[in-house]
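query31.cif, holding mmCIF, C-alpha atoms and all ligand atoms:
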data_upload
#
loop_
_atom_site.group_PDB
_atom_site.id
_atom_site.type_symbol
_atom_site.label_atom_id
_atom_site.label_comp_id
_atom_site.auth_asym_id
_atom_site.auth_seq_id
_atom_site.Cartn_x
_atom_site.Cartn_y
_atom_site.Cartn_z
ATOM 1 C CA MET A 43 226.167 -70.263 98.432
ATOM 2 C CA ASN A 44 226.259 -73.391 100.516
ATOM 3 C CA PHE A 45 223.098 -72.260 102.273
ATOM 4 C CA ILE A 46 221.279 -71.745 98.970
ATOM 5 C CA LYS A 47 222.377 -75.222 97.806
ATOM 6 C CA LYS A 48 221.099 -76.730 101.026
ATOM 7 C CA TYR A 49 217.868 -74.775 100.744
ATOM 8 C CA PHE A 50 217.261 -75.991 97.205
ATOM 9 C CA SER A 51 218.005 -79.612 97.995
ATOM 10 C CA LEU A 52 215.605 -79.425 100.933
ATOM 11 C CA LEU A 53 212.968 -77.902 98.655
ATOM 12 C CA LEU A 54 213.589 -80.671 96.114
ATOM 13 C CA ILE A 55 213.103 -83.331 98.783
ATOM 14 C CA ILE A 56 209.841 -81.723 99.861
ATOM 15 C CA ILE A 57 208.568 -81.553 96.272
ATOM 16 C CA ILE A 58 209.560 -85.178 95.593
ATOM 17 C CA SER A 59 207.910 -86.393 98.763
ATOM 18 C CA ILE A 60 204.709 -84.509 97.894
ATOM 19 C CA PHE A 61 204.730 -86.248 94.503
ATOM 20 C CA ILE A 62 205.281 -89.646 96.101
ATOM 21 C CA THR A 63 202.544 -89.115 98.669
ATOM 22 C CA SER A 64 199.990 -87.957 96.118
ATOM 23 C CA GLY A 65 200.973 -90.868 93.877
ATOM 24 C CA CYS A 66 200.328 -93.269 96.760
ATOM 25 C CA THR A 67 197.004 -91.674 97.558
ATOM 26 C CA SER A 68 195.681 -92.177 94.055
ATOM 27 C CA SER A 69 196.837 -95.782 93.998
ATOM 28 C CA ILE A 70 195.118 -96.379 97.338
ATOM 29 C CA SER A 71 191.840 -94.925 96.118
ATOM 30 C CA SER A 72 191.860 -97.190 93.073
ATOM 31 C CA ASN A 73 192.591 -100.232 95.210
ATOM 32 C CA THR A 74 189.221 -101.673 96.188
ATOM 33 C CA THR A 75 190.561 -103.729 99.106
ATOM 34 C CA GLU A 76 191.813 -100.767 101.165
ATOM 35 C CA PRO A 77 189.507 -99.732 103.985
ATOM 36 C CA TYR A 78 187.861 -96.439 103.171
ATOM 37 C CA ASN A 79 187.065 -93.920 105.833
ATOM 38 C CA GLY A 80 183.491 -93.303 104.693
ATOM 39 C CA LEU A 81 180.643 -95.236 103.139
ATOM 40 C CA LYS A 82 181.509 -97.549 100.276
ATOM 41 C CA VAL A 83 178.877 -99.209 98.116
ATOM 42 C CA HIS A 84 179.831 -101.944 95.665
ATOM 43 C CA TYR A 85 177.246 -102.735 92.996
ATOM 44 C CA ILE A 86 178.853 -106.029 92.111
ATOM 45 C CA ASP A 87 178.783 -107.231 88.525
ATOM 46 C CA VAL A 88 177.092 -110.616 88.888
ATOM 47 C CA GLY A 89 175.672 -110.753 85.358
ATOM 48 C CA GLN A 90 171.868 -110.971 85.232
ATOM 49 C CA GLY A 91 171.089 -110.478 88.919
ATOM 50 C CA ASP A 92 171.680 -108.267 91.926
ATOM 51 C CA SER A 93 174.315 -108.045 94.632
ATOM 52 C CA GLU A 94 175.385 -105.006 96.629
ATOM 53 C CA LEU A 95 178.018 -104.796 99.336
ATOM 54 C CA ILE A 96 177.842 -101.846 101.711
ATOM 55 C CA GLN A 97 180.794 -101.053 103.956
ATOM 56 C CA VAL A 98 180.832 -98.358 106.619
ATOM 57 C CA ASN A 99 182.335 -97.928 110.103
ATOM 58 C CA GLY A 100 184.038 -101.328 109.781
ATOM 59 C CA LYS A 101 180.659 -102.999 109.232
ATOM 60 C CA ASN A 102 179.572 -105.075 106.267
ATOM 61 C CA LEU A 103 176.100 -105.431 104.812
ATOM 62 C CA LEU A 104 175.340 -107.660 101.843
ATOM 63 C CA ILE A 105 172.144 -107.192 99.870
ATOM 64 C CA ASP A 106 171.500 -110.181 97.581
ATOM 65 C CA ALA A 107 173.993 -112.632 96.151
ATOM 66 C CA GLY A 108 173.481 -112.753 92.382
ATOM 67 C CA PRO A 109 172.467 -115.759 90.276
ATOM 68 C CA ASN A 110 173.797 -119.320 90.522
ATOM 69 C CA GLU A 111 176.064 -118.900 87.512
ATOM 70 C CA SER A 112 177.997 -116.075 89.208
ATOM 71 C CA ARG A 113 178.524 -117.801 92.569
ATOM 72 C CA ASP A 114 182.271 -118.225 92.135
ATOM 73 C CA LYS A 115 182.677 -114.709 90.805
ATOM 74 C CA LEU A 116 180.824 -113.271 93.803
ATOM 75 C CA MET A 117 182.744 -115.363 96.342
ATOM 76 C CA SER A 118 186.089 -114.320 94.881
ATOM 77 C CA TYR A 119 185.027 -110.668 94.868
ATOM 78 C CA LEU A 120 184.037 -110.845 98.545
ATOM 79 C CA LYS A 121 187.285 -112.642 99.358
ATOM 80 C CA LYS A 122 189.241 -109.832 97.711
ATOM 81 C CA GLN A 123 187.559 -107.331 100.042
ATOM 82 C CA ASN A 124 189.005 -109.178 103.043
ATOM 83 C CA ILE A 125 185.629 -109.548 104.664
ATOM 84 C CA LYS A 126 185.716 -111.483 107.919
ATOM 85 C CA LYS A 127 182.021 -111.368 108.728
ATOM 86 C CA PHE A 128 178.754 -109.749 107.776
ATOM 87 C CA ASP A 129 176.845 -107.710 110.322
ATOM 88 C CA TYR A 130 173.786 -108.018 108.115
ATOM 89 C CA VAL A 131 172.779 -110.023 105.080
ATOM 90 C CA ILE A 132 169.534 -109.340 103.252
ATOM 91 C CA ALA A 133 168.044 -111.614 100.622
ATOM 92 C CA THR A 134 165.552 -109.125 99.178
ATOM 93 C CA HIS A 135 163.272 -111.894 97.810
ATOM 94 C CA PRO A 136 163.678 -115.564 96.903
ATOM 95 C CA ASP A 137 164.294 -115.292 93.125
ATOM 96 C CA GLU A 138 167.312 -117.227 91.855
ATOM 97 C CA ASP A 139 169.040 -114.148 90.420
ATOM 98 C CA HIS A 140 169.192 -112.686 93.963
ATOM 99 C CA ILE A 141 169.915 -115.735 96.117
ATOM 100 C CA GLY A 142 172.058 -117.834 93.730
ATOM 101 C CA GLY A 143 175.210 -117.303 95.797
ATOM 102 C CA MET A 144 173.445 -116.959 99.158
ATOM 103 C CA GLY A 145 173.953 -120.550 100.320
ATOM 104 C CA ASP A 146 177.701 -120.241 99.761
ATOM 105 C CA VAL A 147 177.850 -116.866 101.523
ATOM 106 C CA ILE A 148 176.031 -118.302 104.558
ATOM 107 C CA LYS A 149 178.298 -121.358 104.554
ATOM 108 C CA LYS A 150 181.519 -119.349 104.442
ATOM 109 C CA TYR A 151 180.904 -116.218 106.519
ATOM 110 C CA PRO A 152 179.742 -115.559 110.046
ATOM 111 C CA ILE A 153 176.553 -113.501 109.807
ATOM 112 C CA ASP A 154 175.047 -111.586 112.730
ATOM 113 C CA LYS A 155 171.582 -111.048 111.284
ATOM 114 C CA PHE A 156 169.933 -112.545 108.222
ATOM 115 C CA TYR A 157 166.806 -110.987 106.744
ATOM 116 C CA THR A 158 164.548 -112.443 104.063
ATOM 117 C CA PRO A 159 160.795 -112.090 103.522
ATOM 118 C CA LYS A 160 158.447 -114.873 104.569
ATOM 119 C CA LYS A 161 157.975 -116.267 101.099
ATOM 120 C CA ILE A 162 158.777 -119.878 100.362
ATOM 121 C CA VAL A 163 159.562 -121.020 96.849
ATOM 122 C CA ASN A 164 160.143 -124.543 95.624
ATOM 123 C CA THR A 165 163.568 -124.255 93.998
ATOM 124 C CA LYS A 166 166.893 -126.000 94.550
ATOM 125 C CA THR A 167 168.536 -122.620 95.113
ATOM 126 C CA PHE A 168 166.072 -121.654 97.835
ATOM 127 C CA LYS A 169 166.349 -125.062 99.529
ATOM 128 C CA TYR A 170 170.154 -124.828 99.482
ATOM 129 C CA MET A 171 169.992 -121.391 101.150
ATOM 130 C CA ILE A 172 167.629 -122.674 103.854
ATOM 131 C CA GLN A 173 169.795 -125.771 104.351
ATOM 132 C CA GLN A 174 172.883 -123.621 104.972
ATOM 133 C CA LEU A 175 170.961 -121.495 107.483
ATOM 134 C CA ARG A 176 169.841 -124.672 109.290
ATOM 135 C CA ASN A 177 173.366 -126.092 109.291
ATOM 136 C CA LYS A 178 174.491 -123.026 111.207
ATOM 137 C CA ASN A 179 171.415 -122.873 113.428
ATOM 138 C CA MET A 180 170.696 -119.401 112.141
ATOM 139 C CA LYS A 181 167.333 -117.818 112.470
ATOM 140 C CA ILE A 182 165.659 -115.802 109.756
ATOM 141 C CA ASP A 183 164.560 -112.308 110.653
ATOM 142 C CA THR A 184 161.488 -110.996 108.884
ATOM 143 C CA PRO A 185 161.976 -107.642 107.191
ATOM 144 C CA GLU A 186 159.378 -105.005 107.958
ATOM 145 C CA PRO A 187 159.077 -101.330 107.151
ATOM 146 C CA GLY A 188 160.563 -99.232 109.925
ATOM 147 C CA ILE A 189 163.248 -101.750 110.925
ATOM 148 C CA LYS A 190 166.588 -100.003 111.343
ATOM 149 C CA LEU A 191 169.980 -101.619 110.914
ATOM 150 C CA ASP A 192 172.866 -100.451 113.066
ATOM 151 C CA LEU A 193 175.690 -99.475 110.722
ATOM 152 C CA GLY A 194 177.465 -97.244 113.202
ATOM 153 C CA LYS A 195 177.961 -93.532 113.523
ATOM 154 C CA ASN A 196 176.703 -90.999 111.037
ATOM 155 C CA THR A 197 174.668 -93.723 109.321
ATOM 156 C CA THR A 198 171.024 -94.759 109.270
ATOM 157 C CA ALA A 199 169.611 -97.705 107.367
ATOM 158 C CA GLU A 200 165.854 -98.134 107.336
ATOM 159 C CA MET A 201 163.584 -100.645 105.636
ATOM 160 C CA LEU A 202 160.706 -99.137 103.647
ATOM 161 C CA ALA A 203 159.236 -102.353 102.241
ATOM 162 C CA PRO A 204 157.704 -104.950 101.949
ATOM 163 C CA ASN A 205 154.463 -103.404 103.180
ATOM 164 C CA SER A 206 152.322 -106.506 102.757
ATOM 165 C CA MET A 207 152.670 -110.199 103.572
ATOM 166 C CA ASN A 208 150.885 -111.337 100.451
ATOM 167 C CA TYR A 209 151.647 -110.626 96.802
ATOM 168 C CA PRO A 210 150.796 -112.623 93.692
ATOM 169 C CA ASP A 211 154.417 -112.536 92.486
ATOM 170 C CA THR A 212 157.755 -112.734 94.313
ATOM 171 C CA ASN A 213 159.194 -109.380 93.157
ATOM 172 C CA ASN A 214 156.999 -107.191 95.352
ATOM 173 C CA TYR A 215 158.174 -109.022 98.473
ATOM 174 C CA SER A 216 161.512 -107.258 97.900
ATOM 175 C CA VAL A 217 163.101 -105.521 100.835
ATOM 176 C CA VAL A 218 163.579 -101.830 100.063
ATOM 177 C CA LEU A 219 166.276 -100.186 102.136
ATOM 178 C CA LYS A 220 167.324 -96.557 102.424
ATOM 179 C CA ILE A 221 170.782 -95.784 103.746
ATOM 180 C CA THR A 222 171.717 -92.276 104.812
ATOM 181 C CA TYR A 223 175.344 -91.423 105.455
ATOM 182 C CA GLY A 224 175.844 -87.826 106.548
ATOM 183 C CA ASN A 225 173.969 -85.860 103.914
ATOM 184 C CA THR A 226 174.144 -88.548 101.244
ATOM 185 C CA LYS A 227 171.387 -91.068 100.587
ATOM 186 C CA PHE A 228 171.223 -94.408 98.811
ATOM 187 C CA LEU A 229 168.079 -96.363 97.953
ATOM 188 C CA PHE A 230 168.118 -100.117 97.357
ATOM 189 C CA THR A 231 164.981 -101.581 95.827
ATOM 190 C CA GLY A 232 165.604 -105.230 94.907
ATOM 191 C CA ASP A 233 162.986 -106.162 92.320
ATOM 192 C CA ALA A 234 160.178 -104.099 93.870
ATOM 193 C CA GLU A 235 157.593 -103.237 91.237
ATOM 194 C CA LYS A 236 155.037 -100.469 90.892
ATOM 195 C CA THR A 237 152.669 -102.093 93.425
ATOM 196 C CA SER A 238 155.312 -101.891 96.144
ATOM 197 C CA GLU A 239 156.467 -98.465 94.981
ATOM 198 C CA SER A 240 152.970 -97.004 95.386
ATOM 199 C CA GLU A 241 152.584 -98.620 98.819
ATOM 200 C CA ILE A 242 155.831 -96.953 99.901
ATOM 201 C CA ILE A 243 154.604 -93.613 98.558
ATOM 202 C CA ASP A 244 151.228 -94.038 100.317
ATOM 203 C CA LYS A 245 153.031 -94.629 103.600
ATOM 204 C CA GLY A 246 154.566 -91.197 103.241
ATOM 205 C CA TYR A 247 158.216 -92.188 103.547
ATOM 206 C CA ASP A 248 160.876 -89.712 102.578
ATOM 207 C CA LEU A 249 162.152 -91.401 99.449
ATOM 208 C CA SER A 250 164.625 -88.755 98.322
ATOM 209 C CA ALA A 251 168.032 -90.218 97.504
ATOM 210 C CA ASP A 252 171.179 -89.292 95.612
ATOM 211 C CA VAL A 253 171.596 -92.811 94.281
ATOM 212 C CA LEU A 254 168.843 -95.183 93.191
ATOM 213 C CA LYS A 255 169.489 -98.861 92.557
ATOM 214 C CA VAL A 256 166.851 -99.104 89.860
ATOM 215 C CA GLY A 257 164.148 -101.672 90.647
ATOM 216 C CA HIS A 258 163.979 -105.041 88.864
ATOM 217 C CA HIS A 259 167.030 -104.545 86.627
ATOM 218 C CA GLY A 260 165.408 -101.586 84.869
ATOM 219 C CA SER A 261 162.304 -103.485 83.776
ATOM 220 C CA SER A 262 159.254 -101.436 82.753
ATOM 221 C CA GLY A 263 157.252 -102.931 85.650
ATOM 222 C CA SER A 264 159.256 -100.838 88.115
ATOM 223 C CA THR A 265 160.307 -97.178 88.416
ATOM 224 C CA SER A 266 156.952 -95.464 88.011
ATOM 225 C CA GLN A 267 157.230 -91.784 87.162
ATOM 226 C CA GLN A 268 155.753 -90.861 90.549
ATOM 227 C CA PHE A 269 158.277 -93.021 92.381
ATOM 228 C CA LEU A 270 161.183 -91.670 90.356
ATOM 229 C CA ASP A 271 160.036 -88.075 90.999
ATOM 230 C CA LYS A 272 159.901 -88.747 94.758
ATOM 231 C CA VAL A 273 163.363 -90.312 94.827
ATOM 232 C CA ASP A 274 164.741 -87.715 92.408
ATOM 233 C CA PRO A 275 168.223 -89.287 92.230
ATOM 234 C CA LYS A 276 171.351 -87.862 90.633
ATOM 235 C CA ILE A 277 172.740 -91.326 89.920
ATOM 236 C CA ALA A 278 170.886 -94.461 88.820
ATOM 237 C CA ILE A 279 172.452 -97.916 88.977
ATOM 238 C CA ILE A 280 171.108 -100.720 86.827
ATOM 239 C CA SER A 281 172.262 -104.235 87.663
ATOM 240 C CA CYS A 282 171.803 -106.565 84.690
ATOM 241 C CA GLY A 283 173.614 -109.015 82.422
ATOM 242 C CA LYS A 284 174.958 -108.338 78.929
ATOM 243 C CA ASN A 285 172.400 -109.233 76.244
ATOM 244 C CA ASN A 286 170.087 -110.754 78.856
ATOM 245 C CA LYS A 287 167.041 -112.608 77.585
ATOM 246 C CA TYR A 288 164.609 -110.297 79.408
ATOM 247 C CA GLY A 289 165.656 -107.202 77.510
ATOM 248 C CA HIS A 290 166.609 -105.443 80.779
ATOM 249 C CA PRO A 291 166.829 -102.548 81.123
ATOM 250 C CA HIS A 292 163.674 -101.460 79.300
ATOM 251 C CA LYS A 293 163.959 -98.523 76.929
ATOM 252 C CA LYS A 294 161.082 -96.784 78.741
ATOM 253 C CA THR A 295 163.025 -96.852 82.009
ATOM 254 C CA ILE A 296 166.181 -95.532 80.372
ATOM 255 C CA ASN A 297 164.191 -92.727 78.750
ATOM 256 C CA LYS A 298 162.597 -91.750 82.062
ATOM 257 C CA LEU A 299 166.032 -91.529 83.679
ATOM 258 C CA LYS A 300 167.534 -89.596 80.767
ATOM 259 C CA LYS A 301 164.660 -87.130 80.760
ATOM 260 C CA LYS A 302 165.578 -86.176 84.321
ATOM 261 C CA ASN A 303 169.281 -85.925 83.437
ATOM 262 C CA ILE A 304 170.179 -88.723 85.829
ATOM 263 C CA GLN A 305 173.651 -90.206 85.458
ATOM 264 C CA ILE A 306 173.190 -93.896 84.585
ATOM 265 C CA TYR A 307 175.673 -96.632 85.416
ATOM 266 C CA ARG A 308 175.057 -100.234 84.376
ATOM 267 C CA THR A 309 176.852 -103.364 85.524
ATOM 268 C CA ASP A 310 176.527 -104.885 82.023
ATOM 269 C CA VAL A 311 178.405 -101.902 80.583
ATOM 270 C CA ASP A 312 180.556 -100.611 83.458
ATOM 271 C CA GLY A 313 181.205 -103.859 85.351
ATOM 272 C CA THR A 314 181.284 -103.541 89.150
ATOM 273 C CA ILE A 315 180.430 -99.995 90.181
ATOM 274 C CA ILE A 316 181.872 -98.620 93.414
ATOM 275 C CA LEU A 317 180.483 -95.419 94.902
ATOM 276 C CA MET A 318 182.080 -93.724 97.883
ATOM 277 C CA SER A 319 180.545 -91.129 100.147
ATOM 278 C CA ASN A 320 182.419 -88.927 102.593
ATOM 279 C CA GLY A 321 179.098 -87.752 104.017
ATOM 280 C CA SER A 322 178.696 -84.768 101.748
ATOM 281 C CA LYS A 323 179.978 -85.900 98.354
ATOM 282 C CA ILE A 324 179.656 -89.095 96.362
ATOM 283 C CA SER A 325 182.446 -90.171 94.045
ATOM 284 C CA LYS A 326 182.847 -93.116 91.726
ATOM 285 C CA ASN A 327 185.893 -95.315 91.797
ATOM 286 C CA GLU A 328 187.506 -95.622 88.352
HETATM 287 ZN ZN ZN B 1 165.884 -109.968 89.831
#
Can the structure from this file be put into structure tokens for me?
Amino acid sequence: MNFIKKYFSLLLIIIISIFITSGCTSSISSNTTEPYNGLKVHYIDVGQGDSELIQVNGKNLLIDAGPNESRDKLMSYLKKQNIKKFDYVIATHPDEDHIGGMGDVIKKYPIDKFYTPKKIVNTKTFKYMIQQLRNKNMKIDTPEPGIKLDLGKNTTAEMLAPNSMNYPDTNNYSVVLKITYGNTKFLFTGDAEKTSESEIIDKGYDLSADVLKVGHHGSSGSTSQQFLDKVDPKIAIISCGKNNKYGHPHKKTINKLKKKNIQIYRTDVDGTIILMSNGSKISKNE
């Protein structure tokens, strides 16, 4: 009798501890500040603009820094992630909605390598970014197709664009980056438009990806059918502001994505979107 009692209480303890452990696990996975043993991509809600934080193997990569009006929001988000330094920062192109918070990021964080295309614009935001780089004696690295970033084991990150040094508008200067982690692939396109997309296709790059950060906030000038077919993503991320004055994303783009049964997430609807890859599967943080 005593033995059975003991046996049951032991069983009870085991069951309770399993419950506690699984409870903890789910609370950890919903806590964005915990280090994750895989690849974590944050499509940060910066309103009408772009900013993505990529974390893998203890390394941090920031692509773009949103518009001026979201500077404080971005800085507090990065602070919450307990980031000590960036291994890489990329300003895809010099438009305000991508480099608004860049000056502050450069001022606050140590950065190993800073990439931005050789395109000078005459704006306060751009000058502030350059000033902060000068203050820290940082050099600017020029992005080129084929450049690979070192994000540690199991990971490759390769630039696919810009493929020219001269475009009539700033958007096509955008750095396009493909990150592969295990068997999962993420494509980041900045504001690259159809001109850049067709150059990438002509170069014969393998564009296939599970997740596409849709070019130029879902505008109709990006995401040509040919490009979308080559990428053939399962998930599309659109970074844009609520009721933005540009009408992003364009209905045509949404329809193209829907036609291919691609799961769409939008920062104006879903807020910050966090995707996690364990190398074979991608999951979304709730
Ligand atoms: Zn933009």
Taking only C-alpha atoms and all ligand atoms into account, produce a table as CSV in which each residue of chain A with an atom at most 6 Å from an atom of ligand ZN 1 (chain B) appears once, together with its shortest atom pair and the distance in Å to one decimal, ordered by chain and rising number.
residue,atom,partner,partner_atom,distance
A:Gly91,CA,B:ZN1,ZN,5.3
A:Asp139,CA,B:ZN1,ZN,5.3
A:His140,CA,B:ZN1,ZN,6.0
A:Asp233,CA,B:ZN1,ZN,5.4
A:His258,CA,B:ZN1,ZN,5.4
inquiry  = Quick check on the file I pasted: which residues fall under the PyMOL selection byres (((chain A and resi 203-207) around 9) and not hetatm)? Write them as a ChimeraX atom specification.
reply    = /A:159-161,185-188,201-202,208-209,214-219,231,234,238-239,241-242,245
request  = Would you mind listing what lies within 7 Å of Gln174 of chain A as a list in words, with all atoms listed in the file counted and same-chain residues fewer than 3 positions away left out?
outcome  =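 Returned residues: Gly145, Ile148, Lys149, Tyr170, Met171, Asn177 and Lys178 of chain A.
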Quick one: everything within 12 Å of Gly313 of chain A, counting only C-alpha atoms, minus sequence neighbours fewer than 2 positions away in the same chain. Send it as a compact mmCIF listing (two decimals) with C-alpha atoms, keeping the file's coordinate frame.
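File part02.txt, as written:
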# COMPACT_ATOMS: atom_id res chain seq x y z
CA HIS A 84 179.83 -101.94 95.66
CA TYR A 85 177.25 -102.74 93.00
CA ILE A 86 178.85 -106.03 92.11
CA ASP A 87 178.78 -107.23 88.52
CA VAL A 88 177.09 -110.62 88.89
CA GLY A 89 175.67 -110.75 85.36
CA GLN A 90 171.87 -110.97 85.23
CA ILE A 279 172.45 -97.92 88.98
CA ILE A 280 171.11 -100.72 86.83
CA SER A 281 172.26 -104.24 87.66
CA CYS A 282 171.80 -106.56 84.69
CA GLY A 283 173.61 -109.02 82.42
CA LYS A 284 174.96 -108.34 78.93
CA TYR A 307 175.67 -96.63 85.42
CA ARG A 308 175.06 -100.23 84.38
CA THR A 309 176.85 -103.36 85.52
CA ASP A 310 176.53 -104.88 82.02
CA VAL A 311 178.40 -101.90 80.58
CA ILE A 315 180.43 -100.00 90.18
CA ILE A 316 181.87 -98.62 93.41
CA ASN A 327 185.89 -95.32 91.80
CA GLU A 328 187.51 -95.62 88.35
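Taking atom CA of Leu299 of chain A as the reference point, atom CA of Leu81 of chain A is found at 24.6 Å.
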query = Neighbours of Leu249 of chain A within 10 Å (only C-alpha atoms; same-chain residues fewer than 5 positions away dropped), as number ranges by chain?
reply = A: 202, 220, 227-229, 242-243, 254, 269-275
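Note that the spacing between atom CA of Lys302 of chain A and atom CA of Glu200 of chain A amounts to 25.9 Å.
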key: Result set, the PyMOL selection byres (((chain A and resi 99) around 7) and not hetatm) on current file, as a ChimeraX atom specification   = /A:98,100-101,193-194
ask   = Which residue out of A:Lys300, A:His135, A:Lys121, A:Lys293 has the minimum interatomic distance to Phe168 of chain A when only C-alpha atoms are used?
value =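 Once distances to Phe168 of chain A are computed over only C-alpha atoms, the minimum belongs to A:His135.
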d(atom CA of Leu104 of chain A, atom CA of Ile125 of chain A) in Å =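 Interatomic distance here is 10.8 Å.
In this comparison, which uses only C-alpha atoms, the residue of A:Ile221, A:Asp312, A:Asp146, A:Gln305 approaching Ser118 of chain A most closely is A:Asp146.
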request  = List, as a count of residues only, every residue that the PyMOL selection byres (((chain A and resi 276) around 6) and not hetatm) selects in the file provided.
outcome  = 4
query = Between A:Lys115, A:Arg176, A:Lys301, A:Lys195, which is the closest to Tyr223 of chain A once you count only C-alpha atoms?
reply =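 Ranking A:Lys115, A:Arg176, A:Lys301, A:Lys195 by distance to Tyr223 of chain A, first place goes to A:Lys195.
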Test item: axis-aligned box, all listed atoms of segment 140-159 of chain A, 3 Å on each side, centre and edges in Å rounded to one decimal, as AutoDock Vina command-line options:
--center_x 171.2 --center_y -116.2 --center_z 103.2 --size_x 26.7 --size_y 16.4 --size_z 25.0
remark   = For Gln173 of chain A, the closest of A:Met144, A:Ser93, A:Asp106, A:Lys155 counting all atoms listed in the file is A:Met144
task = Name the residues within 12 Å of (170.5, -113.3, 111.1), counting all atoms listed in the file in the file's coordinates, and put them as a list in words.
result =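 Those within range, by chain then number, are Leu103, Leu104, Lys127, Phe128, Asp129, Tyr130, Val131, Ile132, Ala133, Ile148, Tyr151, Pro152, Ile153, Asp154, Lys155, Phe156, Tyr157, Thr158, Leu175, Arg176, Lys178, Asn179, Met180, Lys181, Ile182, Asp183, Thr184, Pro185 and Leu191 of chain A.
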Emit the selected residues as an mmCIF file, in the coordinates of the input, including C-alpha atoms.
data_model
loop_
_atom_site.group_PDB
_atom_site.id
_atom_site.type_symbol
_atom_site.label_atom_id
_atom_site.label_comp_id
_atom_site.auth_asym_id
_atom_site.auth_seq_id
_atom_site.Cartn_x
_atom_site.Cartn_y
_atom_site.Cartn_z
ATOM 1 C CA LEU A 103 176.100 -105.431 104.812
ATOM 2 C CA LEU A 104 175.340 -107.660 101.843
ATOM 3 C CA LYS A 127 182.021 -111.368 108.728
ATOM 4 C CA PHE A 128 178.754 -109.749 107.776
ATOM 5 C CA ASP A 129 176.845 -107.710 110.322
ATOM 6 C CA TYR A 130 173.786 -108.018 108.115
ATOM 7 C CA VAL A 131 172.779 -110.023 105.080
ATOM 8 C CA ILE A 132 169.534 -109.340 103.252
ATOM 9 C CA ALA A 133 168.044 -111.614 100.622
ATOM 10 C CA ILE A 148 176.031 -118.302 104.558
ATOM 11 C CA TYR A 151 180.904 -116.218 106.519
ATOM 12 C CA PRO A 152 179.742 -115.559 110.046
ATOM 13 C CA ILE A 153 176.553 -113.501 109.807
ATOM 14 C CA ASP A 154 175.047 -111.586 112.730
ATOM 15 C CA LYS A 155 171.582 -111.048 111.284
ATOM 16 C CA PHE A 156 169.933 -112.545 108.222
ATOM 17 C CA TYR A 157 166.806 -110.987 106.744
ATOM 18 C CA THR A 158 164.548 -112.443 104.063
ATOM 19 C CA LEU A 175 170.961 -121.495 107.483
ATOM 20 C CA ARG A 176 169.841 -124.672 109.290
ATOM 21 C CA LYS A 178 174.491 -123.026 111.207
ATOM 22 C CA ASN A 179 171.415 -122.873 113.428
ATOM 23 C CA MET A 180 170.696 -119.401 112.141
ATOM 24 C CA LYS A 181 167.333 -117.818 112.470
ATOM 25 C CA ILE A 182 165.659 -115.802 109.756
ATOM 26 C CA ASP A 183 164.560 -112.308 110.653
ATOM 27 C CA THR A 184 161.488 -110.996 108.884
ATOM 28 C CA PRO A 185 161.976 -107.642 107.191
ATOM 29 C CA LEU A 191 169.980 -101.619 110.914
#
